[in-house]
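Colleague: Mind having a look at this structure? Questions to follow.
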Protein chains: 2
Amino acid sequence: MPLLVVGTLAYDTIETVYARRAEVLGGSATYFAIGASRFAPVSLVGVVGEDFKPGDLELLKRCGVDTRGVEVAKGRTFRWAGRYEGDWNKRVTLETQLNVLADFDPKVPDAQRAARYLFLANASPEVQLKALLQVEAPAFTMIDTMNLWIEHARDALYAVLRKVDAIVLNDEEARMLTGEKNLIKAAAAVLGMGPRYVVLKKGEHGAFIMGGDLHFAIPAYPVENVVDPTGAGDSFAGGFMGYLAAQKRHDPQALRKAMLYGTITASFCVQAFSVEALTPLTRTQIDERYDELLQIVTV
Amino acid sequence: MPLLVVGTLAYDTIETVYARRAEVLGGSATYFAIGASRFAPVSLVGVVGEDFKPGDLELLKRCGVDTRGVEVAKGRTFRWAGRYEGDWNKRVTLETQLNVLADFDPKVPDAQRAARYLFLANASPEVQLKALLQVEAPAFTMIDTMNLWIEHARDALYAVLRKVDAIVLNDEEARMLTGEKNLIKAAAAVLGMGPRYVVLKKGEHGAFIMGGDLHFAIPAYPVENVVDPTGAGDSFAGGFMGYLAAQKRHDPQALRKAMLYGTITASFCVQAFSVEALTPLTRTQIDERYDELLQIVTV
């Protein structure tokens, strides 16, 4: 398997200004894996409870995700409930039930330890480090994180940052991690913490990547009707890493294109609740939208 | 003269988190003209009071601006005072003294009525319309506006919008004018009001242009040290229109490049108070930064 993700599987309850959905399939690794699976075979390492629906595991498998690393633990699956305000960028967490995630000890199956591309989705830095150390010689490793770990596990996060090739952050996280308000300065400060590249996402305002000689920025794909932004970041990472894994390349030219593929994958994700827009998605549809975005950004 | 701007000349008093400057040269037409003058000869139509410093008129002339259309009226020059909060996007107007601007009746000199490229900088739609009707056969006309006119002179603004080729707006103005929160929808709604193109500026998040088959978006040039954002929008328009006037073209390909030149001109403007960063600017420096931005946006 060229691509491996370690992260969460969840049941989400989501409220937007327009609708509400209870107990739908979610989780960072879920969004990432289904997004990435449009590009390359992907393995998923995570944990679910005994209540995890067999149909959801089947769904992942049907998408081409290798789920041998999904452990079924005693207890209930991780739950997250959140609400989006009128402005999609404002998310309020209503409830978090860690459940089986509380004792998550990632175990990468032997068959997957040779993964070349590795994404450590949002999890505690300790869990991320444990997973990282089980992968033998990844060519390119990217991590995600969140405000919780920046606030409460900063040293552990620093330790992981010294060992990975890239980190993906949103604007708020980048400011929190570095104390820099200006995002270019924030990105430069993150690079000083170890990783070779930083991918900084700004929601509807696009994203940029910085590192070494590379500085590349793109606007978001113009989605007129956002239904649910949950998973946008993880599906961005899925498209990004999926493309790299498929190309077996992570040079600056490949990274530029990966930024577009990440943007496009996320643009589909937000057009429906849960993974509903991602599961039926074909590579042809992705490439059509890629060409559209290419038109929008080409001088 | 290929390019004409009608707008304000002012003395500004500006407070930022870091510094304060009193009674410095400002005004929409001032910023536009000096920005545009790096690309093409430009004429300025506006009004100043008897207190306008001869040195400031000389400065405009030295920049290559034709100031024959600058009327000196009885009274004081227009004054504006404002403060920027920590976030540069938040501007508070502390004082506005219209002074000679209150009775501004634009008179385009005969020699300038053949202008091919026309920018109607922020002014009341009535003033904009009066100026527009004096220009014989402009090839490309763009207007700017502001919340004041959107709120209090909407019908007059609609009338002008039906007669121009393009409008440049910031995100807040676009939302106010259309009632659409989503900026793509807002831009589409503005196009429904008449102009062929809408240029939508999003400050540090870049800008996009929409109209006909054209949809082109770019990030802002990454300025690390913003000193004073005053005039950013007008110098953007100056670089944009200056480039078009110099090329004698306004086809989609030229408009794409004009978006970059506008971005670059604005990026210099904000690096100093008043027009201090614009007056010494050379076309070579602009082109160097253009190449840098091109690198950042090229896939």
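By order in the structure tokens, chains are A, B, ...; within a chain, residues start at 1; ligands start at 1, following the order shown.
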Using 8 Å as the limit and counting only C-alpha atoms, can you tabulate each residue of chain A that touches chain B, with its shortest atom-to-atom distance in Å and the two atoms involved, as a Markdown table?
Modeller:
```
| residue | atom | partner | partner_atom | distance |
| --- | --- | --- | --- | --- |
| A:Asn182 | CA | B:Glu224 | CA | 6.9 |
| A:Ile184 | CA | B:Pro222 | CA | 6.7 |
| A:Lys185 | CA | B:Glu224 | CA | 6.8 |
| A:His205 | CA | B:His205 | CA | 5.9 |
| A:His215 | CA | B:Ile296 | CA | 5.5 |
| A:Phe216 | CA | B:Ile296 | CA | 4.4 |
| A:Ala217 | CA | B:Val297 | CA | 5.7 |
| A:Ile218 | CA | B:Pro219 | CA | 6.5 |
| A:Pro219 | CA | B:Ala217 | CA | 6.4 |
| A:Pro222 | CA | B:Ile184 | CA | 6.7 |
| A:Glu224 | CA | B:Ile184 | CA | 6.8 |
| A:Gln253 | CA | B:Val299 | CA | 7.5 |
| A:Arg256 | CA | B:Val299 | CA | 5.6 |
| A:Lys257 | CA | B:Val299 | CA | 6.2 |
| A:Leu294 | CA | B:Val299 | CA | 7.8 |
| A:Gln295 | CA | B:Phe216 | CA | 7.4 |
| A:Ile296 | CA | B:Phe216 | CA | 4.4 |
| A:Val297 | CA | B:Ala217 | CA | 5.7 |
| A:Thr298 | CA | B:Thr298 | CA | 6.7 |
| A:Val299 | CA | B:Arg256 | CA | 5.6 |
```
Colleague: Print the selection's residues with C-alpha atoms to a file, as a PDB file, in the first residue's frame.
Modeller:
```pdb
ATOM      1  CA  ASN A 182       0.366  37.592   9.772  1.00  0.00           C
ATOM      2  CA  ILE A 184       3.140  34.410   6.046  1.00  0.00           C
ATOM      3  CA  LYS A 185       5.120  35.081   9.211  1.00  0.00           C
ATOM      4  CA  HIS A 205     -10.019  32.178   0.987  1.00  0.00           C
ATOM      5  CA  HIS A 215       5.734  29.295  -2.069  1.00  0.00           C
ATOM      6  CA  PHE A 216       2.500  28.559  -3.871  1.00  0.00           C
ATOM      7  CA  ALA A 217      -0.954  29.974  -3.212  1.00  0.00           C
ATOM      8  CA  ILE A 218      -4.396  29.232  -4.619  1.00  0.00           C
ATOM      9  CA  PRO A 219      -7.926  30.492  -4.083  1.00  0.00           C
ATOM     10  CA  PRO A 222     -15.863  28.629  -5.820  1.00  0.00           C
ATOM     11  CA  GLU A 224     -21.819  28.390  -4.230  1.00  0.00           C
ATOM     12  CA  GLN A 253       5.944  20.662  -8.978  1.00  0.00           C
ATOM     13  CA  ARG A 256       1.692  22.536  -6.460  1.00  0.00           C
ATOM     14  CA  LYS A 257      -0.646  20.178  -8.277  1.00  0.00           C
ATOM     15  CA  LEU A 294      -6.708  25.649 -13.386  1.00  0.00           C
ATOM     16  CA  GLN A 295      -8.543  28.072 -15.694  1.00  0.00           C
ATOM     17  CA  ILE A 296      -9.390  30.290 -12.733  1.00  0.00           C
ATOM     18  CA  VAL A 297      -5.800  30.521 -11.531  1.00  0.00           C
ATOM     19  CA  THR A 298      -3.864  30.609 -14.801  1.00  0.00           C
ATOM     20  CA  VAL A 299      -2.494  34.052 -15.676  1.00  0.00           C
TER      21      VAL A 299
END
```
Colleague: Counting only C-alpha atoms, what is within 7 Å of Val164 in chain B, bar same-chain residues fewer than 6 positions away, as a list of chain:residue names?
Modeller: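 The residues that qualify are B:Thr141, B:Met142, B:Pro195.
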Colleague: Would you mind listing what lies within 7 Å of Val45 in chain A as a list of chain:residue names, with only C-alpha atoms counted and same-chain residues fewer than 6 positions away left out?
Modeller: A:Val5, A:Val6, A:Gly7, A:Gly69, A:Val70, A:Pro106, A:Val108
Colleague: For the selection you just gave me, I'd like the residues written to a file as a PDB file, in the first residue's frame, keeping C-alpha atoms.
Modeller:
```
ATOM      1  CA  VAL A   5      -3.664   7.293   7.285  1.00  0.00           C
ATOM      2  CA  VAL A   6      -3.862   7.064  11.062  1.00  0.00           C
ATOM      3  CA  GLY A   7      -6.748   8.945  12.624  1.00  0.00           C
ATOM      4  CA  GLY A  69      -5.969  -1.582  10.602  1.00  0.00           C
ATOM      5  CA  VAL A  70      -9.371  -0.599  11.967  1.00  0.00           C
ATOM      6  CA  PRO A 106      -2.495   2.734  17.072  1.00  0.00           C
ATOM      7  CA  VAL A 108      -0.075  -0.418  12.054  1.00  0.00           C
TER       8      VAL A 108
END
```
Colleague: As a list in words, please: all residues of range 39-81 of chain B that backbone DSSP puts in strand (DSSP E or B).
Modeller: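 Secondary structure check on range 39-81 of chain B, strand (DSSP E or B): Val42, Ser43, Leu44, Val45, Gly46, Val47, Val48, Val65, Asp66, Thr67, Arg68, Gly69, Val70, Glu71, Val72, Arg79, Trp80 and Ala81 of chain B.
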Colleague: Rounded to one decimal, what separation in Å do you get between CA of Ala40 in chain B and CA of Asp110 in chain B?
Modeller: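 Interatomic distance, CA of Ala40 in chain B to CA of Asp110 in chain B: 19.5 Å.
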Colleague: May I have all residues of range 99-276 of chain A that DSSP, computed from the backbone, assigns to helix (DSSP H, G or I), given as a VMD selection string?
Modeller: chain A and resid 99 to 103 110 to 112 125 to 134 147 to 152 154 to 161 171 to 178 183 to 191 203 to 205 232 to 247 252 to 269
Colleague: Would you compute the distance between CA of Gly211 in chain B and CA of Asp165 in chain B? Give it in Å to one decimal.
Modeller: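 Between CA of Gly211 in chain B and CA of Asp165 in chain B the gap is 9.9 Å.
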Colleague: Residues near Asp155 in chain B, anyone? I mean within 12 Å using only C-alpha atoms, not counting same-chain ones fewer than 6 positions away, as a VMD selection string.
Modeller: chain B and resid 124 to 126 149 161 to 162 177 193
Colleague: List the neighbours of Cys269 in chain A out to 12 Å using only C-alpha atoms; skip same-chain residues closer than 5 positions along the sequence, and give me the result as a PyMOL selection string.
Modeller: chain A and resi 26+30-32+34-36+221+223+225-239+262-264+274-281+286
Colleague: Please indicate the distance in Å from CA of Thr178 in chain A to CA of Ala156 in chain A, rounded to one decimal place.
Modeller: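 A separation of 15.3 Å between them.
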